[in-house]
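Asks: Mind having a look at this structure? Questions to follow.
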Amino acid sequence: MSKKSTIQVEKVNLHIVNWLKEYAENAKVNGFVIGISGGVDSAVTSTLCAQTGLKVLCVEMPIHQAQSQVSRAREHIELLKTRFTNVTDVEVDLTPVFETFKKAVPNHDDVAKVNLSLANSRARLRMTSLYYLAGIHGLLVAGTGNKVEDFGVGFYTKYGDGGVDLSPIADLMKSDVYALGAYLKIPESILKATPTDGLFGDDRSDEDQLGASYDELEWAMLEDEAGKTANDFSGRQKEAFEIYKRLNKCNQHKMNAIPICLVNRN
């Protein structure tokens, strides 16, 4: 189930850069602000934004972050600044804010629920910081979610990393993002790193949380779009397909518009 991208990277790169530039110019903003995590999605997104020539503010927002993630984020930002004069950066250390938040909210006996809620709170604190910076600098918050995460399994935090102004790579599969990353020459340390959201303060990977790899989920998403069902597969393929379908179903609330109770005024 290993997936290989089929996109024409040079053509896709130019298309997204032009789309970003046109959108920003129509919105009459100065450029983009992006949270840099040390992962491939934020590295690719920030490089795409940098190519517009508009102001790009890269933001590190550590919250008890693993040193490996911090190092990769810093490596990417420094490289990006040497390549593009329109790129600047800032670090917003949210660890003290997060610790204060933890003390302010009531605790609960269900440790798993508390840990998940706190993980999502990290993402929401980061979103708040990005919008603060966007507001004072006249920037748009650029999202870093890819197609599998955003529209396949909903692997993001509602009003956290899902709270953005525009999503330049949300129509790209994870394999496409890696292909584009290689074309854009983002650091090899990022291309080879195991994907992780870094929200739990430990070494769990995205695959640990999801129960399937991105290759498997991308495969399942394409099979589902082709009208296949779990009964069409067996073994690990069936298991991966069922994981995809379960996550897709339970996370529809993230992918669909907020429901509105319509009132009959007659």
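Naming works like this for the structure tokens: A, B, ... for the chains as they're shown, residue 1 at the start of each chain, ligands 1 onward in shown order.
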In range 49-109 of chain A, what's alpha helix (DSSP H) per DSSP? Answer as a list in words?

Replies: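 Checking each residue of range 49-109 of chain A, the alpha helix (DSSP H) ones are Cys49, Ala50, Gln67, Ser68, Gln69, Val70, Ser71, Arg72, Ala73, Arg74, Glu75, His76, Ile77, Glu78, Leu79, Leu80, Lys81, Thr82, Arg83, Thr95, Pro96, Val97, Phe98, Glu99, Thr100, Phe101, Lys102, Lys103 and Ala104 of chain A.
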
Asks: Would you export the selected residues with C-alpha atoms as a tab-separated table (two decimals), in the first residue's frame, please?

Replies:
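Listing of again-v4.tsv after writing:
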```tsv
chain	number	residue	atom	x	y	z
A	49	CYS	CA	4.36	31.13	0.89
A	50	ALA	CA	7.93	32.43	0.75
A	67	GLN	CA	14.26	18.82	21.23
A	68	SER	CA	14.27	16.95	17.91
A	69	GLN	CA	11.16	18.85	16.78
A	70	VAL	CA	12.61	22.17	17.92
A	71	SER	CA	15.87	21.46	16.08
A	72	ARG	CA	14.14	20.54	12.82
A	73	ALA	CA	11.92	23.63	12.98
A	74	ARG	CA	14.93	25.86	13.62
A	75	GLU	CA	16.94	24.23	10.82
A	76	HIS	CA	14.13	24.82	8.34
A	77	ILE	CA	13.55	28.43	9.36
A	78	GLU	CA	17.24	29.33	9.16
A	79	LEU	CA	17.51	27.74	5.72
A	80	LEU	CA	14.36	29.52	4.54
A	81	LYS	CA	15.70	32.88	5.70
A	82	THR	CA	18.91	32.36	3.73
A	83	ARG	CA	16.89	31.59	0.60
A	95	THR	CA	4.85	26.52	27.93
A	96	PRO	CA	4.17	28.95	30.84
A	97	VAL	CA	0.78	29.86	29.34
A	98	PHE	CA	-0.12	26.19	28.98
A	99	GLU	CA	0.90	25.44	32.58
A	100	THR	CA	-1.21	28.36	33.83
A	101	PHE	CA	-4.15	27.12	31.76
A	102	LYS	CA	-3.81	23.62	33.27
A	103	LYS	CA	-3.99	25.08	36.78
A	104	ALA	CA	-6.99	27.23	35.91
```

Asks: Using only C-alpha atoms, determine which residues lie at most 9 Å from Phe155 in chain A, disregarding the query and same-chain residues fewer than 6 positions distant; provide the list as a PyMOL selection string.

Replies: chain A and resi 145+148-149+206+210+247+251

Asks: Could you pull the residues within 8 Å of Asn13 in chain A, counting only C-alpha atoms, minus those fewer than 3 positions along the same chain, as a list of chain:residue names?

Replies: A:Val9, A:Glu10, A:Ile16, A:Val17, A:Leu48, A:Leu180

Asks: Do you know which residues are at most 12 Å from range 116-119 of chain A counting only C-alpha atoms, after dropping those on the same chain fewer than 6 positions away, and could you put them as an MDAnalysis selection string?

Replies: chainID A and resid 63:64 98:99 101:103 105:108 110 125:126 156:158 160:161 197:202 209

Asks: Those same residues, written as a JSON list (two decimals), in the first residue's frame with N, CA, C and O atoms?

Replies:
```json
[["chain", "number", "residue", "atom", "x", "y", "z"],
["A", 63, "ILE", "N", 5.63, 24.04, 23.33],
["A", 63, "ILE", "CA", 4.94, 23.73, 24.59],
["A", 63, "ILE", "C", 5.50, 22.38, 25.03],
["A", 63, "ILE", "O", 5.04, 21.34, 24.57],
["A", 64, "HIS", "N", 6.48, 22.40, 25.91],
["A", 64, "HIS", "CA", 7.17, 21.17, 26.33],
["A", 64, "HIS", "C", 7.57, 20.35, 25.11],
["A", 64, "HIS", "O", 7.36, 19.14, 25.05],
["A", 98, "PHE", "N", 0.53, 27.50, 28.91],
["A", 98, "PHE", "CA", -0.12, 26.19, 28.98],
["A", 98, "PHE", "C", -0.19, 25.70, 30.43],
["A", 98, "PHE", "O", -1.22, 25.18, 30.87],
["A", 99, "GLU", "N", 0.88, 25.87, 31.18],
["A", 99, "GLU", "CA", 0.90, 25.44, 32.58],
["A", 99, "GLU", "C", -0.10, 26.25, 33.41],
["A", 99, "GLU", "O", -0.76, 25.70, 34.30],
["A", 101, "PHE", "N", -2.84, 27.60, 32.21],
["A", 101, "PHE", "CA", -4.15, 27.12, 31.76],
["A", 101, "PHE", "C", -4.52, 25.83, 32.49],
["A", 101, "PHE", "O", -5.65, 25.66, 32.95],
["A", 102, "LYS", "N", -3.56, 24.90, 32.60],
["A", 102, "LYS", "CA", -3.81, 23.62, 33.27],
["A", 102, "LYS", "C", -4.23, 23.82, 34.72],
["A", 102, "LYS", "O", -5.10, 23.10, 35.24],
["A", 103, "LYS", "N", -3.65, 24.81, 35.38],
["A", 103, "LYS", "CA", -3.99, 25.08, 36.78],
["A", 103, "LYS", "C", -5.35, 25.75, 36.91],
["A", 103, "LYS", "O", -6.02, 25.62, 37.94],
["A", 105, "VAL", "N", -8.10, 25.32, 34.85],
["A", 105, "VAL", "CA", -9.27, 24.51, 34.50],
["A", 105, "VAL", "C", -9.43, 23.36, 35.51],
["A", 105, "VAL", "O", -8.45, 22.89, 36.08],
["A", 106, "PRO", "N", -10.67, 22.92, 35.74],
["A", 106, "PRO", "CA", -10.89, 21.81, 36.68],
["A", 106, "PRO", "C", -10.32, 20.50, 36.16],
["A", 106, "PRO", "O", -10.31, 20.26, 34.94],
["A", 107, "ASN", "N", -9.85, 19.67, 37.05],
["A", 107, "ASN", "CA", -9.31, 18.36, 36.68],
["A", 107, "ASN", "C", -10.45, 17.35, 36.56],
["A", 107, "ASN", "O", -11.61, 17.66, 36.86],
["A", 108, "HIS", "N", -10.12, 16.14, 36.13],
["A", 108, "HIS", "CA", -11.15, 15.12, 35.93],
["A", 108, "HIS", "C", -10.51, 13.76, 36.16],
["A", 108, "HIS", "O", -9.31, 13.58, 35.96],
["A", 110, "ASP", "N", -10.98, 10.98, 34.51],
["A", 110, "ASP", "CA", -10.67, 10.25, 33.28],
["A", 110, "ASP", "C", -9.39, 10.83, 32.68],
["A", 110, "ASP", "O", -9.42, 11.84, 31.96],
["A", 125, "LEU", "N", -4.12, 27.14, 21.74],
["A", 125, "LEU", "CA", -3.27, 28.22, 22.20],
["A", 125, "LEU", "C", -2.38, 28.72, 21.06],
["A", 125, "LEU", "O", -2.14, 29.93, 20.91],
["A", 126, "ARG", "N", -1.91, 27.79, 20.25],
["A", 126, "ARG", "CA", -1.08, 28.17, 19.10],
["A", 126, "ARG", "C", -1.89, 28.94, 18.07],
["A", 126, "ARG", "O", -1.41, 29.92, 17.49],
["A", 156, "TYR", "N", -6.85, 16.61, 12.97],
["A", 156, "TYR", "CA", -6.42, 17.95, 13.36],
["A", 156, "TYR", "C", -7.35, 18.43, 14.47],
["A", 156, "TYR", "O", -8.38, 17.81, 14.75],
["A", 157, "THR", "N", -6.98, 19.52, 15.10],
["A", 157, "THR", "CA", -7.78, 20.05, 16.20],
["A", 157, "THR", "C", -8.74, 21.11, 15.68],
["A", 157, "THR", "O", -8.33, 22.08, 15.05],
["A", 158, "LYS", "N", -10.00, 20.90, 15.96],
["A", 158, "LYS", "CA", -11.02, 21.88, 15.59],
["A", 158, "LYS", "C", -10.72, 23.20, 16.31],
["A", 158, "LYS", "O", -10.53, 23.23, 17.52],
["A", 160, "GLY", "N", -8.06, 24.68, 16.27],
["A", 160, "GLY", "CA", -6.66, 24.68, 16.64],
["A", 160, "GLY", "C", -5.88, 24.85, 15.35],
["A", 160, "GLY", "O", -5.94, 25.90, 14.72],
["A", 161, "ASP", "N", -5.20, 23.77, 14.92],
["A", 161, "ASP", "CA", -4.52, 23.84, 13.62],
["A", 161, "ASP", "C", -5.53, 23.84, 12.47],
["A", 161, "ASP", "O", -5.17, 24.10, 11.33],
["A", 197, "ASP", "N", 2.28, 14.86, 15.68],
["A", 197, "ASP", "CA", 1.69, 16.17, 15.94],
["A", 197, "ASP", "C", 2.33, 16.87, 17.14],
["A", 197, "ASP", "O", 2.16, 18.06, 17.35],
["A", 198, "GLY", "N", 3.09, 16.10, 17.94],
["A", 198, "GLY", "CA", 3.81, 16.69, 19.06],
["A", 198, "GLY", "C", 2.94, 17.32, 20.13],
["A", 198, "GLY", "O", 3.41, 18.16, 20.91],
["A", 199, "LEU", "N", 1.69, 16.91, 20.22],
["A", 199, "LEU", "CA", 0.75, 17.55, 21.15],
["A", 199, "LEU", "C", 0.69, 16.88, 22.52],
["A", 199, "LEU", "O", 0.06, 17.42, 23.43],
["A", 200, "PHE", "N", 1.33, 15.74, 22.67],
["A", 200, "PHE", "CA", 1.20, 15.00, 23.92],
["A", 200, "PHE", "C", 2.46, 15.04, 24.79],
["A", 200, "PHE", "O", 2.49, 14.47, 25.87],
["A", 201, "GLY", "N", 3.50, 15.67, 24.28],
["A", 201, "GLY", "CA", 4.72, 15.77, 25.07],
["A", 201, "GLY", "C", 5.48, 14.46, 25.20],
["A", 201, "GLY", "O", 6.28, 14.30, 26.10],
["A", 202, "ASP", "N", 5.20, 13.51, 24.30],
["A", 202, "ASP", "CA", 5.94, 12.24, 24.30],
["A", 202, "ASP", "C", 6.34, 11.91, 22.87],
["A", 202, "ASP", "O", 6.28, 12.77, 21.98],
["A", 209, "GLN", "N", -1.26, 7.09, 16.85],
["A", 209, "GLN", "CA", -2.57, 7.63, 17.19],
["A", 209, "GLN", "C", -3.66, 7.15, 16.24],
["A", 209, "GLN", "O", -4.77, 6.82, 16.67]]
```

Asks: Residues near range 84-88 of chain A, anyone? I mean within 10 Å using only C-alpha atoms, not counting same-chain ones fewer than 4 positions away, as a PyMOL selection string.

Replies: chain A and resi 31-33+46-47+49-59+77-80

Asks: Rank A:Ile260, A:Asp41, A:Glu91, A:Ser205 by their smallest atom-to-atom distance to Glu60 in chain A, using only C-alpha atoms, and report the top residue only.

Replies: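 Going through A:Ile260, A:Asp41, A:Glu91, A:Ser205 one by one, the smallest distance to Glu60 in chain A is for A:Glu91.
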
Asks: Could you state the separation of CA of Ala134 in chain A and CA of Tyr159 in chain A in Å, given to one decimal place?

Replies: 15.7 Å

Asks: Could you pull out the strand (DSSP E) residues of range 18-248 of chain A, going by DSSP on the backbone, and write them as a PyMOL selection string?

Replies: chain A and resi 31-35+55-60+87-91+139-141

Asks: Residues as selected, all heavy atoms, written as a tab-separated table (two decimals), in the first residue's frame, can you do that?

Replies:
```tsv
chain	number	residue	atom	x	y	z
A	31	GLY	N	0.89	39.48	3.71
A	31	GLY	CA	1.50	38.17	3.52
A	31	GLY	C	0.90	37.13	4.43
A	31	GLY	O	-0.31	37.14	4.68
A	32	PHE	N	1.76	36.27	4.98
A	32	PHE	CA	1.28	35.09	5.69
A	32	PHE	C	2.03	34.85	7.00
A	32	PHE	O	3.21	35.18	7.11
A	32	PHE	CB	1.45	33.85	4.80
A	32	PHE	CG	0.92	34.03	3.41
A	32	PHE	CD1	1.76	34.43	2.38
A	32	PHE	CD2	-0.42	33.81	3.13
A	32	PHE	CE1	1.28	34.61	1.08
A	32	PHE	CE2	-0.92	33.99	1.84
A	32	PHE	CZ	-0.06	34.40	0.82
A	33	VAL	N	1.36	34.25	7.94
A	33	VAL	CA	1.98	33.79	9.17
A	33	VAL	C	1.74	32.29	9.27
A	33	VAL	O	0.64	31.81	8.97
A	33	VAL	CB	1.44	34.53	10.42
A	33	VAL	CG1	-0.05	34.36	10.57
A	33	VAL	CG2	2.16	34.05	11.67
A	34	ILE	N	2.77	31.54	9.64
A	34	ILE	CA	2.69	30.08	9.65
A	34	ILE	C	3.37	29.53	10.89
A	34	ILE	O	4.49	29.93	11.23
A	34	ILE	CB	3.41	29.47	8.42
A	34	ILE	CG1	2.88	30.09	7.13
A	34	ILE	CG2	3.24	27.97	8.36
A	34	ILE	CD1	3.93	30.24	6.08
A	35	GLY	N	2.72	28.59	11.55
A	35	GLY	CA	3.32	27.89	12.67
A	35	GLY	C	4.26	26.81	12.14
A	35	GLY	O	3.85	25.98	11.32
A	55	LYS	N	5.45	39.14	2.60
A	55	LYS	CA	5.98	38.93	3.95
A	55	LYS	C	5.54	37.56	4.48
A	55	LYS	O	4.36	37.19	4.37
A	55	LYS	CB	5.48	40.02	4.89
A	55	LYS	CG	5.98	39.89	6.33
A	55	LYS	CD	5.46	41.02	7.19
A	55	LYS	CE	5.86	40.85	8.64
A	55	LYS	NZ	7.32	40.90	8.86
A	56	VAL	N	6.48	36.81	5.02
A	56	VAL	CA	6.19	35.52	5.63
A	56	VAL	C	6.80	35.50	7.03
A	56	VAL	O	8.01	35.67	7.19
A	56	VAL	CB	6.77	34.35	4.80
A	56	VAL	CG1	6.56	33.02	5.52
A	56	VAL	CG2	6.13	34.31	3.42
A	57	LEU	N	5.95	35.30	8.02
A	57	LEU	CA	6.40	35.23	9.40
A	57	LEU	C	6.29	33.78	9.88
A	57	LEU	O	5.19	33.23	9.98
A	57	LEU	CB	5.56	36.14	10.29
A	57	LEU	CG	5.90	36.14	11.79
A	57	LEU	CD1	7.35	36.54	12.03
A	57	LEU	CD2	4.95	37.07	12.56
A	58	CYS	N	7.42	33.16	10.14
A	58	CYS	CA	7.45	31.79	10.65
A	58	CYS	C	7.47	31.83	12.17
A	58	CYS	O	8.31	32.53	12.76
A	58	CYS	CB	8.69	31.06	10.14
A	58	CYS	SG	8.71	30.80	8.35
A	59	VAL	N	6.59	31.07	12.79
A	59	VAL	CA	6.44	31.13	14.24
A	59	VAL	C	6.69	29.78	14.88
A	59	VAL	O	6.05	28.78	14.52
A	59	VAL	CB	5.03	31.62	14.63
A	59	VAL	CG1	4.96	31.90	16.13
A	59	VAL	CG2	4.64	32.87	13.84
A	60	GLU	N	7.62	29.75	15.81
A	60	GLU	CA	7.82	28.58	16.65
A	60	GLU	C	7.03	28.78	17.93
A	60	GLU	O	7.13	29.84	18.55
A	60	GLU	CB	9.30	28.40	16.99
A	60	GLU	CG	10.17	28.00	15.83
A	60	GLU	CD	11.60	27.80	16.29
A	60	GLU	OE1	11.93	26.69	16.76
A	60	GLU	OE2	12.37	28.77	16.18
A	87	VAL	N	11.35	36.46	4.47
A	87	VAL	CA	11.00	35.58	5.59
A	87	VAL	C	11.63	36.07	6.89
A	87	VAL	O	12.83	36.34	6.94
A	87	VAL	CB	11.46	34.13	5.32
A	87	VAL	CG1	11.19	33.25	6.54
A	87	VAL	CG2	10.75	33.57	4.09
A	88	THR	N	10.80	36.21	7.91
A	88	THR	CA	11.28	36.52	9.26
A	88	THR	C	10.71	35.47	10.20
A	88	THR	O	9.86	34.66	9.82
A	88	THR	CB	10.83	37.91	9.72
A	88	THR	OG1	9.39	37.99	9.67
A	88	THR	CG2	11.43	39.00	8.84
A	89	ASP	N	11.18	35.48	11.45
A	89	ASP	CA	10.69	34.47	12.39
A	89	ASP	C	10.60	35.04	13.79
A	89	ASP	O	11.20	36.07	14.11
A	89	ASP	CB	11.59	33.24	12.38
A	89	ASP	CG	12.97	33.53	12.94
A	89	ASP	OD1	13.64	34.46	12.43
A	89	ASP	OD2	13.38	32.86	13.90
A	90	VAL	N	9.84	34.36	14.61
A	90	VAL	CA	9.69	34.72	16.02
A	90	VAL	C	9.36	33.46	16.80
A	90	VAL	O	8.74	32.53	16.26
A	90	VAL	CB	8.58	35.78	16.20
A	90	VAL	CG1	7.20	35.22	15.83
A	90	VAL	CG2	8.55	36.30	17.63
A	91	GLU	N	9.82	33.41	18.02
A	91	GLU	CA	9.46	32.30	18.90
A	91	GLU	C	8.52	32.81	19.98
A	91	GLU	O	8.78	33.83	20.61
A	91	GLU	CB	10.69	31.68	19.56
A	91	GLU	CG	10.33	30.53	20.51
A	91	GLU	CD	11.54	29.87	21.15
A	91	GLU	OE1	12.57	29.73	20.48
A	91	GLU	OE2	11.43	29.50	22.34
A	139	LEU	N	-1.48	39.98	8.33
A	139	LEU	CA	-1.17	38.74	7.63
A	139	LEU	C	-2.35	37.77	7.65
A	139	LEU	O	-3.26	37.90	8.48
A	139	LEU	CB	0.05	38.07	8.29
A	139	LEU	CG	1.31	38.92	8.42
A	139	LEU	CD1	2.35	38.20	9.25
A	139	LEU	CD2	1.86	39.27	7.05
A	140	LEU	N	-2.29	36.79	6.78
A	140	LEU	CA	-3.24	35.68	6.79
A	140	LEU	C	-2.59	34.48	7.45
A	140	LEU	O	-1.41	34.22	7.25
A	140	LEU	CB	-3.64	35.29	5.36
A	140	LEU	CG	-4.45	36.31	4.56
A	140	LEU	CD1	-4.55	35.85	3.11
A	140	LEU	CD2	-5.83	36.51	5.16
A	141	VAL	N	-3.39	33.72	8.22
A	141	VAL	CA	-2.89	32.48	8.83
A	141	VAL	C	-2.98	31.37	7.78
A	141	VAL	O	-4.07	31.01	7.34
A	141	VAL	CB	-3.69	32.10	10.09
A	141	VAL	CG1	-3.20	30.77	10.64
A	141	VAL	CG2	-3.58	33.19	11.14
```

Asks: Quote the spacing between CA of Ser213 in chain A and CA of Phe241 in chain A in Å to one decimal place.

Replies: 11.4 Å
